[in-house]
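Raw entry.txt, compact mmCIF, C-alpha atoms:
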# COMPACT_ATOMS: atom_id res chain seq x y z
CA MET A 982 0.00 0.00 0.00
CA ALA A 983 1.01 3.59 -0.46
CA LEU A 984 -0.50 6.52 1.39
CA PHE A 985 -0.53 10.03 -0.01
CA SER A 986 -0.29 13.48 1.51
CA ARG A 987 -1.01 16.87 -0.04
CA ARG A 988 1.84 19.34 0.18
CA LYS A 989 3.28 22.40 -1.48
CA LYS A 990 4.68 21.92 -4.95
CA SER A 991 8.43 21.91 -5.31
CA VAL A 992 10.79 21.54 -8.24
CA ASP A 993 12.59 18.69 -6.49
CA GLN A 994 9.72 17.06 -4.62
CA PRO A 995 6.68 15.34 -6.14
CA ASP A 996 3.17 16.06 -4.88
CA VAL A 997 2.75 12.47 -3.78
CA GLU A 998 4.97 10.81 -1.23
CA THR A 999 4.86 7.22 -0.13
CA GLU A 1000 4.63 6.47 3.55
CA ALA A 1001 4.86 2.70 3.17
CA PRO A 1002 6.23 0.39 0.47
CA VAL A 1003 3.92 -0.81 -2.26
CA ASP A 1004 3.02 -4.48 -2.17
CA ASP A 1005 1.05 -6.70 -4.50
CA ALA A 1006 -1.63 -7.61 -1.99
CA ILE A 1007 -4.85 -8.99 -3.44
CA ALA A 1008 -8.08 -7.71 -1.97
CA GLN A 1009 -11.75 -7.68 -2.87
CA THR A 1010 -12.89 -4.33 -4.24
CA ASP A 1011 -16.65 -4.69 -4.30
CA GLY A 1012 -17.08 -1.57 -2.17
CA VAL A 1013 -17.98 1.37 -4.44
CA PRO A 1014 -17.53 4.92 -3.07
CA GLU A 1015 -18.99 8.17 -4.23
CA ALA A 1016 -17.40 9.17 -7.49
CA PRO A 1017 -14.34 11.42 -7.35
CA ALA A 1018 -14.53 14.70 -9.20
CA GLU A 1019 -13.27 13.41 -12.51
CA SER A 1020 -15.01 13.75 -15.82
CA VAL A 1021 -15.99 10.83 -18.03
CA PRO A 1022 -13.60 10.82 -20.99
CA THR A 1023 -14.85 10.89 -24.54
CA VAL A 1024 -12.24 8.48 -25.88
CA GLY A 1025 -13.80 5.11 -26.64
CA ILE A 1026 -13.15 1.84 -28.31
CA SER A 1027 -15.23 -0.16 -30.73
CA VAL A 1028 -16.08 -3.48 -29.18
CA GLN A 1029 -16.72 -4.72 -32.72
CA ALA A 1030 -12.98 -4.48 -33.31
CA PHE A 1031 -12.44 -7.35 -30.92
CA ARG A 1032 -15.70 -9.30 -30.80
CA GLY A 1033 -15.60 -12.53 -32.69
CA VAL A 1034 -11.91 -13.29 -32.38
CA GLY A 1035 -11.99 -16.69 -30.81
CA ALA A 1036 -12.06 -20.42 -31.27
CA GLU A 1037 -13.99 -20.15 -34.50
CA ALA A 1038 -11.52 -17.73 -36.10
CA GLY A 1039 -9.41 -19.00 -38.98
CA PRO A 1040 -9.64 -22.17 -41.05
CA GLU A 1041 -8.91 -25.61 -39.69
CA VAL A 1042 -5.18 -26.05 -40.24
CA SER A 1043 -3.44 -28.95 -38.51
CA ALA A 1044 0.17 -28.08 -39.40
CA PRO A 1045 2.24 -25.59 -41.39
CA VAL A 1046 2.17 -26.16 -45.14
CA GLU A 1047 5.23 -27.88 -46.52
CA SER A 1048 6.71 -24.73 -48.01
CA GLY A 1049 6.52 -22.92 -44.69
CA THR A 1050 4.50 -19.98 -45.94
CA ASP A 1051 4.18 -16.75 -44.05
CA ALA A 1052 1.39 -14.21 -44.25
CA GLY A 1053 2.96 -11.82 -46.74
CA GLU A 1054 5.51 -11.20 -49.44
CA SER A 1055 7.38 -8.05 -48.57
CA VAL A 1056 10.19 -8.18 -46.06
CA ASP A 1057 9.85 -5.53 -43.39
CA GLU A 1058 12.77 -3.92 -41.63
CA GLY A 1059 13.30 -7.11 -39.63
CA ILE A 1060 12.71 -7.88 -36.00
CA GLN A 1061 15.58 -8.94 -33.76
CA VAL A 1062 14.71 -11.48 -31.14
CA PRO A 1063 17.65 -11.90 -28.76
CA ARG A 1064 17.85 -14.88 -26.49
CA PRO A 1065 19.30 -14.65 -22.97
CA ALA A 1066 21.86 -17.35 -23.72
CA SER A 1067 24.31 -17.40 -26.62
CA GLY A 1068 23.27 -18.16 -30.18
CA ALA A 1069 20.41 -15.69 -30.33
CA PRO A 1070 18.67 -15.92 -33.68
CA VAL A 1071 18.03 -12.74 -35.64
CA VAL A 1072 14.59 -13.15 -37.13
CA ALA A 1073 13.43 -11.33 -40.24
CA GLU A 1074 9.65 -11.52 -40.22
CA GLU A 1075 7.74 -11.39 -43.47
CA GLN A 1076 4.49 -9.54 -42.91
CA MET A 1077 2.01 -7.25 -44.56
CA GLY A 1078 1.92 -3.57 -43.77
CA GLY A 1079 -0.70 -2.14 -41.47
CA PRO A 1080 -1.19 -0.52 -38.09
CA ARG A 1081 1.95 -1.17 -36.09
CA LEU A 1082 1.54 0.68 -32.80
CA PRO A 1083 2.09 0.25 -30.01
CA LEU A 1084 4.77 -2.40 -30.34
CA ALA A 1085 7.57 -3.05 -27.87
CA PRO A 1086 11.22 -4.13 -27.96
CA PRO A 1087 11.90 -7.88 -27.74
CA LEU A 1088 13.40 -7.68 -24.26
CA PRO A 1089 11.28 -6.50 -21.32
CA PRO A 1090 11.91 -2.98 -20.03
CA GLU A 1091 13.81 -2.25 -16.86
CA GLN A 1092 11.51 -1.91 -13.88
CA THR A 1093 11.41 1.80 -13.04
CA HIS A 1094 9.23 4.27 -11.19
CA THR A 1095 8.07 7.85 -11.75
CA VAL A 1096 7.24 8.32 -8.06
CA ASP A 1097 9.52 6.93 -5.38
CA GLY A 1098 8.22 3.68 -3.95
CA LEU A 1099 5.68 3.01 -6.72
CA VAL A 1100 6.98 0.66 -9.39
CA ASP A 1101 5.39 1.49 -12.75
CA ASN A 1102 3.84 -0.93 -15.19
CA VAL A 1103 6.39 0.21 -17.76
CA LEU A 1104 4.98 -1.67 -20.76
CA LEU A 1105 1.54 -0.19 -20.21
CA ARG A 1106 2.88 3.26 -19.36
CA THR A 1107 4.91 3.30 -22.59
CA ALA A 1108 2.00 2.13 -24.72
CA LEU A 1109 -0.23 4.84 -23.27
CA ALA A 1110 2.44 7.48 -23.88
CA GLU A 1111 2.23 6.76 -27.61
CA LEU A 1112 -1.49 7.57 -27.77
CA GLU A 1113 -2.73 10.85 -29.17
CA GLU A 1114 -6.21 12.28 -29.66
CA GLY A 1115 -8.14 10.25 -32.18
CA ALA A 1116 -6.23 7.03 -31.56
CA SER A 1117 -7.23 4.15 -33.82
CA ASN A 1118 -8.87 0.98 -32.59
CA GLU A 1119 -5.67 -0.88 -33.45
CA GLN A 1120 -3.68 1.44 -31.19
CA LEU A 1121 -6.19 1.07 -28.37
CA LEU A 1122 -6.14 -2.70 -28.71
CA GLY A 1123 -2.35 -2.45 -28.63
CA VAL A 1124 -2.64 -0.78 -25.24
CA MET A 1125 -5.06 -3.49 -24.19
CA ARG A 1126 -2.58 -6.27 -24.95
CA GLN A 1127 0.15 -4.55 -22.95
CA SER A 1128 -2.20 -4.19 -19.99
CA LEU A 1129 -2.67 -7.95 -19.67
CA GLN A 1130 0.50 -8.44 -17.67
CA GLY A 1131 1.84 -6.62 -14.67
CA HIS A 1132 -0.14 -4.59 -12.19
CA LEU A 1133 -2.49 -1.63 -11.98
CA TYR A 1134 -2.86 0.85 -9.15
CA LEU A 1135 -6.29 1.45 -7.62
CA ARG A 1136 -7.12 4.58 -5.66
CA VAL A 1137 -8.69 3.90 -2.29
CA HIS A 1138 -10.63 6.43 -0.22
CA GLY A 1139 -9.13 6.10 3.24
CA ASP A 1140 -6.42 3.75 4.44
CA ALA A 1141 -6.37 0.61 2.28
CA ARG A 1142 -4.21 -1.24 4.81
CA GLU A 1143 -6.68 -0.60 7.65
CA GLN A 1144 -9.65 -1.54 5.49
CA MET A 1145 -8.02 -4.84 4.53
CA ALA A 1146 -7.01 -5.61 8.11
CA ALA A 1147 -10.60 -5.04 9.22
CA GLY A 1148 -11.91 -7.32 6.46
CA GLU A 1149 -13.77 -4.44 4.85
CA SER A 1150 -14.40 -3.94 1.15
CA LEU A 1151 -11.97 -1.44 -0.31
CA SER A 1152 -13.57 1.86 -1.23
CA VAL A 1153 -12.06 2.19 -4.70
CA GLY A 1154 -12.18 5.25 -6.94
CA VAL A 1155 -14.86 5.30 -9.62
CA VAL A 1156 -16.42 7.72 -12.06
CA ARG A 1157 -20.19 7.88 -12.35
CA ASP A 1158 -22.06 9.18 -15.39
CA ASP A 1159 -25.81 8.73 -14.97
CA GLU A 1160 -26.27 4.97 -15.02
CA ARG A 1161 -22.71 4.24 -16.09
CA THR A 1162 -19.96 3.47 -13.60
CA PHE A 1163 -16.27 3.17 -14.45
CA MET A 1164 -13.55 1.90 -12.17
CA LEU A 1165 -10.39 4.04 -12.11
CA ALA A 1166 -6.95 2.48 -12.44
CA TYR A 1167 -3.44 3.78 -13.07
CA SER A 1168 -0.36 2.51 -14.86
CA SER A 1169 2.25 4.44 -12.89
CA GLY A 1170 3.00 6.59 -9.90
CA ALA A 1171 2.97 9.71 -12.08
CA ALA A 1172 -0.50 8.94 -13.43
CA LEU A 1173 -1.74 8.30 -9.92
CA GLN A 1174 -0.15 11.53 -8.74
CA ALA A 1175 -1.84 13.50 -11.52
CA SER A 1176 -5.24 12.20 -10.42
CA ILE A 1177 -5.04 13.71 -6.93
CA GLN A 1178 -2.90 16.81 -7.37
CA ASP A 1179 -5.88 19.19 -7.30
CA GLU A 1180 -7.90 17.38 -4.65
CA GLU A 1181 -8.25 18.75 -1.14
CA ASP A 1182 -8.59 15.32 0.47
CA ALA A 1183 -5.41 13.90 -1.07
CA ALA A 1184 -4.06 13.13 2.39
CA SER A 1185 -6.90 10.65 2.94
CA THR A 1186 -6.19 8.79 -0.28
CA SER A 1187 -4.20 5.57 -0.44
CA ALA A 1188 -3.43 3.14 -3.23
CA ILE A 1189 -3.05 -0.57 -3.75
CA ALA A 1190 -1.29 -2.47 -6.52
CA GLN A 1191 -3.11 -5.49 -7.92
CA PRO A 1192 -2.52 -7.80 -10.91
CA ALA A 1193 -4.19 -6.25 -13.93
CA THR A 1194 -6.17 -9.39 -14.75
CA LEU A 1195 -7.56 -9.47 -11.21
CA VAL A 1196 -8.66 -5.84 -11.57
CA TYR A 1197 -10.37 -6.69 -14.86
CA GLN A 1198 -12.13 -9.62 -13.23
CA GLN A 1199 -13.42 -7.26 -10.56
CA VAL A 1200 -14.73 -4.85 -13.19
CA VAL A 1201 -16.58 -7.69 -14.94
CA SER A 1202 -18.02 -9.24 -11.79
CA GLY A 1203 -18.78 -5.91 -10.11
CA GLY A 1204 -21.28 -4.68 -12.69
CA PHE A 1205 -19.13 -1.78 -13.89
CA THR A 1206 -19.61 -0.29 -17.34
CA GLY A 1207 -15.86 -0.44 -17.87
CA ILE A 1208 -12.51 0.79 -16.64
CA ILE A 1209 -10.62 4.03 -17.24
CA ILE A 1210 -6.83 3.85 -17.09
CA ASP A 1211 -4.93 7.07 -16.32
CA ASN A 1212 -8.02 9.29 -16.50
CA SER A 1213 -6.13 12.49 -15.60
CA SER A 1214 -3.39 11.97 -18.20
CA VAL A 1215 -5.18 13.21 -21.32
CA PRO A 1216 -4.64 12.22 -24.10
CA HIS A 1217 -2.72 9.27 -22.75
CA ARG A 1218 -5.68 7.45 -21.28
CA VAL A 1219 -8.00 4.68 -22.40
CA VAL A 1220 -11.51 3.47 -21.68
CA PHE A 1221 -12.14 -0.26 -21.95
CA PRO A 1222 -15.77 -1.46 -21.83
CA THR A 1223 -16.58 -4.45 -19.68
CA GLU A 1224 -17.49 -6.59 -22.69
CA LEU A 1225 -14.00 -6.12 -24.10
CA LEU A 1226 -12.41 -7.02 -20.75
CA GLN A 1227 -14.53 -10.14 -20.47
CA ARG A 1228 -13.56 -11.34 -23.94
CA ALA A 1229 -9.89 -10.69 -23.27
CA LEU A 1230 -10.02 -12.64 -20.01
CA GLU A 1231 -11.88 -15.55 -21.56
CA GLN A 1232 -9.27 -15.98 -24.27
CA GLY A 1233 -6.24 -16.08 -21.99
CA ASP A 1234 -5.30 -18.20 -19.01
CA ALA A 1235 -6.12 -16.73 -15.64
CA GLU A 1236 -2.52 -15.87 -14.75
CA MET A 1237 -1.51 -14.82 -18.29
CA SER A 1238 1.48 -17.02 -17.51
CA VAL A 1239 3.31 -16.69 -20.84
CA LYS A 1240 2.82 -12.92 -21.07
CA THR A 1241 3.94 -12.53 -17.46
CA LEU A 1242 7.15 -14.46 -18.10
CA LEU A 1243 7.92 -12.42 -21.22
CA ALA A 1244 7.48 -9.16 -19.32
CA ALA A 1245 9.68 -10.23 -16.39
CA PRO A 1246 13.47 -9.92 -16.05
CA ARG A 1247 15.22 -12.76 -17.88
CA ASP A 1248 18.02 -15.22 -17.33
CA GLU A 1249 19.31 -18.33 -19.08
CA GLN A 1250 16.38 -20.40 -17.80
CA THR A 1251 13.70 -18.08 -19.18
CA PRO A 1252 13.25 -20.07 -22.45
CA VAL A 1253 12.75 -23.26 -20.45
CA ARG A 1254 10.21 -21.60 -18.16
CA VAL A 1255 8.26 -20.20 -21.11
CA ALA A 1256 8.29 -23.65 -22.72
CA GLU A 1257 6.92 -25.16 -19.52
CA ALA A 1258 4.11 -22.59 -19.57
CA LEU A 1259 3.38 -23.39 -23.24
CA ALA A 1260 3.07 -27.05 -22.27
CA LYS A 1261 0.30 -26.21 -19.80
CA THR A 1262 -1.78 -23.54 -21.47
CA ARG A 1263 -3.36 -22.80 -24.83
CA SER A 1264 -1.47 -20.54 -27.21
CA TRP A 1265 -2.48 -19.12 -30.59
CA VAL A 1266 -1.15 -19.21 -34.13
CA ALA A 1267 -1.66 -16.75 -36.99
CA ILE A 1268 -3.50 -18.23 -39.97
CA ASN A 1269 -3.54 -16.84 -43.48
CA ASP A 1270 -6.80 -18.01 -45.05
CA GLY A 1271 -5.76 -17.25 -48.62
CA SER A 1272 -8.10 -14.27 -49.04
CA ASN A 1273 -5.18 -11.97 -49.85
CA GLY A 1274 -3.88 -14.20 -52.61
CA GLN A 1275 -1.19 -15.79 -50.45
CA PRO A 1276 -0.98 -19.53 -49.70
CA VAL A 1277 -2.94 -20.85 -46.75
CA GLY A 1278 -0.75 -21.64 -43.78
CA ILE A 1279 0.46 -20.88 -40.29
CA ALA A 1280 2.73 -17.85 -40.03
CA GLU A 1281 6.41 -18.52 -39.52
CA ALA A 1282 9.52 -16.40 -39.11
CA HIS A 1283 12.86 -17.16 -40.72
CA THR A 1284 16.32 -16.48 -39.35
CA THR A 1285 18.96 -14.89 -41.54
CA ASP A 1286 20.50 -18.33 -42.04
CA GLY A 1287 17.21 -19.79 -43.22
CA ARG A 1288 16.00 -21.59 -40.10
CA ARG A 1289 12.25 -21.71 -39.54
CA PHE A 1290 10.51 -20.66 -36.34
CA LEU A 1291 6.79 -21.19 -35.80
CA GLN A 1292 5.12 -17.98 -34.64
CA LEU A 1293 3.17 -18.44 -31.41
CA PHE A 1294 1.05 -15.91 -29.55
CA SER A 1295 0.01 -15.78 -25.92
CA HIS A 1296 -3.33 -14.14 -26.74
CA PRO A 1297 -5.34 -13.50 -29.93
CA LEU A 1298 -4.82 -9.76 -29.45
CA GLU A 1299 -1.14 -10.37 -30.17
CA VAL A 1300 -2.15 -11.38 -33.70
CA VAL A 1301 -4.75 -8.65 -34.18
CA VAL A 1302 -2.43 -5.76 -33.33
CA LEU A 1303 0.07 -6.73 -36.04
CA GLY A 1304 -2.39 -5.46 -38.63
CA ARG A 1305 -1.83 -8.40 -40.97
CA ASN A 1306 -4.47 -10.34 -42.89
CA ASP A 1307 -4.10 -13.17 -40.41
CA GLN A 1308 -6.69 -14.73 -38.15
CA PRO A 1309 -5.77 -16.07 -34.71
CA MET A 1310 -6.50 -19.75 -34.15
CA PRO A 1311 -6.21 -21.47 -30.75
CA PHE A 1312 -3.45 -24.02 -30.46
CA GLU A 1313 -3.52 -26.52 -27.61
CA PRO A 1314 -0.22 -27.78 -26.16
CA GLU A 1315 -0.83 -31.19 -27.73
CA GLN A 1316 -1.25 -29.61 -31.16
CA LEU A 1317 1.99 -27.70 -30.76
CA ALA A 1318 3.77 -30.88 -29.73
CA LYS A 1319 2.38 -32.74 -32.75
CA VAL A 1320 3.51 -30.06 -35.20
CA LEU A 1321 7.01 -29.92 -33.75
CA SER A 1322 7.37 -33.70 -33.68
CA GLU A 1323 6.19 -34.11 -37.29
CA HIS A 1324 8.25 -31.24 -38.70
CA ASP A 1325 11.89 -31.64 -37.73
CA GLU A 1326 12.80 -28.71 -39.98
CA ILE A 1327 11.14 -26.28 -37.55
CA ALA A 1328 13.97 -24.97 -35.37
CA GLY A 1329 11.75 -23.65 -32.58
CA VAL A 1330 9.04 -21.14 -31.78
CA LEU A 1331 8.92 -17.36 -31.73
CA VAL A 1332 6.48 -16.09 -29.09
CA ASP A 1333 4.65 -12.73 -29.25
CA ILE A 1334 6.56 -11.06 -32.07
CA ALA A 1335 4.99 -7.67 -31.24
CA GLY A 1336 7.10 -7.61 -28.07
CA PRO A 1337 8.21 -8.43 -25.53
CA SER A 1338 9.09 -11.59 -27.43
CA ILE A 1339 11.34 -14.61 -27.20
CA ALA A 1340 12.74 -17.20 -29.57
CA ILE A 1341 12.85 -20.68 -28.05
CA GLU A 1342 14.91 -23.27 -29.88
CA ARG A 1343 13.88 -26.90 -30.11
CA GLU A 1344 16.41 -28.00 -27.48
CA ASP A 1345 14.60 -25.89 -24.85
CA LEU A 1346 11.12 -27.17 -25.78
CA SER A 1347 11.39 -30.54 -24.03
CA ALA A 1348 8.40 -29.74 -21.80
CA VAL A 1349 6.29 -29.47 -24.96
CA MET A 1350 7.92 -32.31 -26.89
CA VAL A 1351 7.20 -34.82 -24.13
CA LEU A 1352 3.49 -34.30 -24.86
CA ALA A 1353 4.04 -35.77 -28.34
CA VAL A 1354 5.52 -38.90 -26.71
CA ASP A 1355 2.48 -39.18 -24.47
CA LEU A 1356 0.16 -38.86 -27.48
CA GLY A 1357 2.06 -41.65 -29.21
CA ASP A 1358 1.65 -43.89 -26.19
CA ASP A 1359 -2.10 -43.36 -26.34

Just give me the structure as C-alpha cells.
Amino acid sequence: MALFSRRKKSVDQPDVETEAPVDDAIAQTDGVPEAPAESVPTVGISVQAFRGVGAEAGPEVSAPVESGTDAGESVDEGIQVPRPASGAPVVAEEQMGGPRLPLAPPLPPEQTHTVDGLVDNVLLRTALAELEEGASNEQLLGVMRQSLQGHLYLRVHGDAREQMAAGESLSVGVVRDDERTFMLAYSSGAALQASIQDEEDAASTSAIAQPATLVYQQVVSGGFTGIIIDNSSVPHRVVFPTELLQRALEQGDAEMSVKTLLAAPRDEQTPVRVAEALAKTRSWVAINDGSNGQPVGIAEAHTTDGRRFLQLFSHPLEVVVLGRNDQPMPFEPEQLAKVLSEHDEIAGVLVDIAGPSIAIEREDLSAVMVLAVDLGDD
C-alpha cells in the first residue's frame, strides 16, 4: 500500500509521497464509493474491433504447409529477437503492412518508477504514452494487450491497509455518469499523482497495486460499465468497456502465464520456463486463409541463415495488433507438440513477435515435446 499526503509543490519534490512500500496484496474491491470529481472521458473503443476473435476464427489447419508460408511477401525492416543465452537468432519476419503501434522491444523494459516507492507498469505506461487524440482501434487494442500483464494501481478512499485488516471492502475510486460506472486504475505513480494533485482530500487517499487481470475480473463481476486507465493523463488514457475485458479474459489463461514471463526480467532459464508454460496452457497461431492471394498456412519467421521458427502468440490480441491479414487460431499444447514432432525442420518457436518476445529453440522445448511422446503412447 502507499499513502498520499497533499503538500506544497516543489521543483525537487513530487506532490505524492509514499509512507509505506507498495506491495502486491490482493483484496476484494466490491465496495464502491462516491465518485471522485473526474469527468468521463470521450475516448472510446469499438467493441466490434475485438468481438468474434476466438475459437472459430481462422480455417482448420493442422500443421504448417510444406513450403513454410508466411502471411505476406514483402520483407519488413526485420525484428531482432535476442535470447538470454548465446546463439540468439536474428529473425526477419515477413508480414504485410498495417497498423503497427504500439509495439515493444523484444526484451522486457527495466523496472522503473516515476514516483519513489511506486513501481510502474512500464509496458503499459509506454503504450499509453504513444497515444494521441483520435487514436485508432488498433492502437487502443495495442494498449489493451500490454495491460494484460503486470499490475495496476487502484485509488482507495481512506487507508487501504486498515480496510483490509478489518476485512472491509476497499472503497475504490470510480467515475459515475448517470447509469454508467467506471472503475479508475493507473499505470504508474505519475498517473496516480496526476489524479489527486488538485484534490483537497489527497491526504486521505491511499493506493493498492493489484494484478491487472484481477482488476479486470473485478470490473466484470462488479457490474461496472468499464474501466478508465490514467483518466487524468489526457490524451494518454483509455476506456475499456466491460465486454472487451470479459472477452480478453476468456481468451487467456487466468494468470496470463506466458505474457507474465515475457514481461519479467530474464536469465538463461527463461526459455525453459516459457516452454513449460506453453506445455500447460493454450497458445495461438496466426493463420492466413488465402483471401489476400497468399498460400494458406500458419505464419512462420525465418532467421537470416534460413531456419524456420513457428510464430506463437500468448493471446489472440497479439495477432490482431500486427495489422496483418491473419486470423488467430487457438493451439492446444498437444497440437503444438504434434507439429514440432512431425516437422523436424522447424527450429523452434517465436512467441509474441509484437514484443516483448522470445525465440525458443527446439532444445529448450522438451516440456512441450514430451506431450508428443504421451500422445504416441495413447

Review point. Around (6.6, -35.5, -34.3) in the file's own coordinates, what residues are found within 12 Å if you use all atoms listed in the file, given back as an NGL selection string?
Key: :A and (1044 or 1315-1327 or 1349-1357)

Point to revise | Top pick for closest residue to Gly1098 of chain A, considering A:Ser1169, A:His1132, A:Glu1224, A:Phe1294 and counting all atoms listed in the file | key: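 Using all atoms listed in the file, the shortest distance to Gly1098 of chain A belongs to A:Ser1169.
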
Exercise for review: Give the answer as one residue: which of A:Val1201, A:Arg1343, A:Thr1095, A:Asp1307 has the shortest atom-to-atom distance to Thr1162 of chain A, using all atoms listed in the file?
Suggested key: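 The closest residue to Thr1162 of chain A is A:Val1201.
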
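When atom CA of Pro1222 of chain A is paired with atom CA of Phe1163 of chain A, their separation reads 8.7 Å.
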
Check your understanding: Which one of A:Glu1149, A:Glu1113, A:Glu1299, A:Asp1270 sits closest to Ala1229 of chain A if you count all atoms listed in the file?
Key ->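 Between A:Glu1149, A:Glu1113, A:Glu1299, A:Asp1270, the residue approaching Ala1229 of chain A most closely is A:Glu1299.
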
**Study point:** Computed interatomic separation between atom CA of Pro1297 of chain A and atom CA of Pro1309 of chain A (Å)
**Key:**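 Separation between atom CA of Pro1297 of chain A and atom CA of Pro1309 of chain A: 5.4 Å.
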
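Put simply, atom CA of Glu1160 of chain A is 8.8 Å away from atom CA of Thr1206 of chain A.
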
Practice item. With a distance cut-off of 7 Å and all atoms listed in the file, select the neighbouring residues of Leu1129 of chain A, excluding the residue or stretch itself and same-chain residues fewer than 2 positions from it, and output the selection as a list in words. Key: Met1125, Arg1126, Gln1127, Gly1131, Ala1193 and Thr1194 of chain A

Write the residues you've just listed into a file as a PDB file, keeping the file's coordinate frame, and include C-alpha atoms for each of them.
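That gives us part_30.pdb:
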ATOM      1  CA  MET A1125      -5.060  -3.490 -24.190  1.00  0.00           C
ATOM      2  CA  ARG A1126      -2.580  -6.270 -24.950  1.00  0.00           C
ATOM      3  CA  GLN A1127       0.150  -4.550 -22.950  1.00  0.00           C
ATOM      4  CA  GLY A1131       1.840  -6.620 -14.670  1.00  0.00           C
ATOM      5  CA  ALA A1193      -4.190  -6.250 -13.930  1.00  0.00           C
ATOM      6  CA  THR A1194      -6.170  -9.390 -14.750  1.00  0.00           C
TER       7      THR A1194
END

Exercise for review: Pick out the closest residue to Ser1128 of chain A from this set: A:Val1155, A:Ile1189, A:Met1164, A:Ile1210. Count only C-alpha atoms.
Suggested key: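 That would be A:Ile1210, the residue with the smallest distance to Ser1128 of chain A.
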
Review point. In file coordinates, which residues lie within 12 Å of (0.5, -23.9, -15.4) using all atoms listed in the file, given as a PyMOL selection string?
Key: chain A and resi 1234-1239+1242+1254-1263+1314+1348

Point to revise | Selected residue of minimal separation from Asp1345 of chain A among A:Leu1293, A:Val1253, A:Leu1195, A:Leu1088, counting only C-alpha atoms | key: A:Val1253

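Considering the residues A:Gly1170, A:Gly1139, A:Gly1123, A:Pro1086 and counting all atoms listed in the file, Asn1102 of chain A has its shortest atom-to-atom contact with A:Gly1170.
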
Point to revise | Non-local contacts of segment 1244-1246 of chain A (9 Å; only C-alpha atoms; under 3 positions in same chain excluded) as a PyMOL selection string | key: chain A and resi 1088-1092+1104+1130-1131+1239-1241+1251+1336-1338

Show me, as JSON, the centre and edge lengths in Å to one decimal of the axis-aligned box that covers every listed atom of segment 1106-1123 of chain A with 6 Å on each side.
{"center_x": -2.0, "center_y": 4.8, "center_z": -26.6, "size_x": 25.8, "size_y": 27.0, "size_z": 26.5}
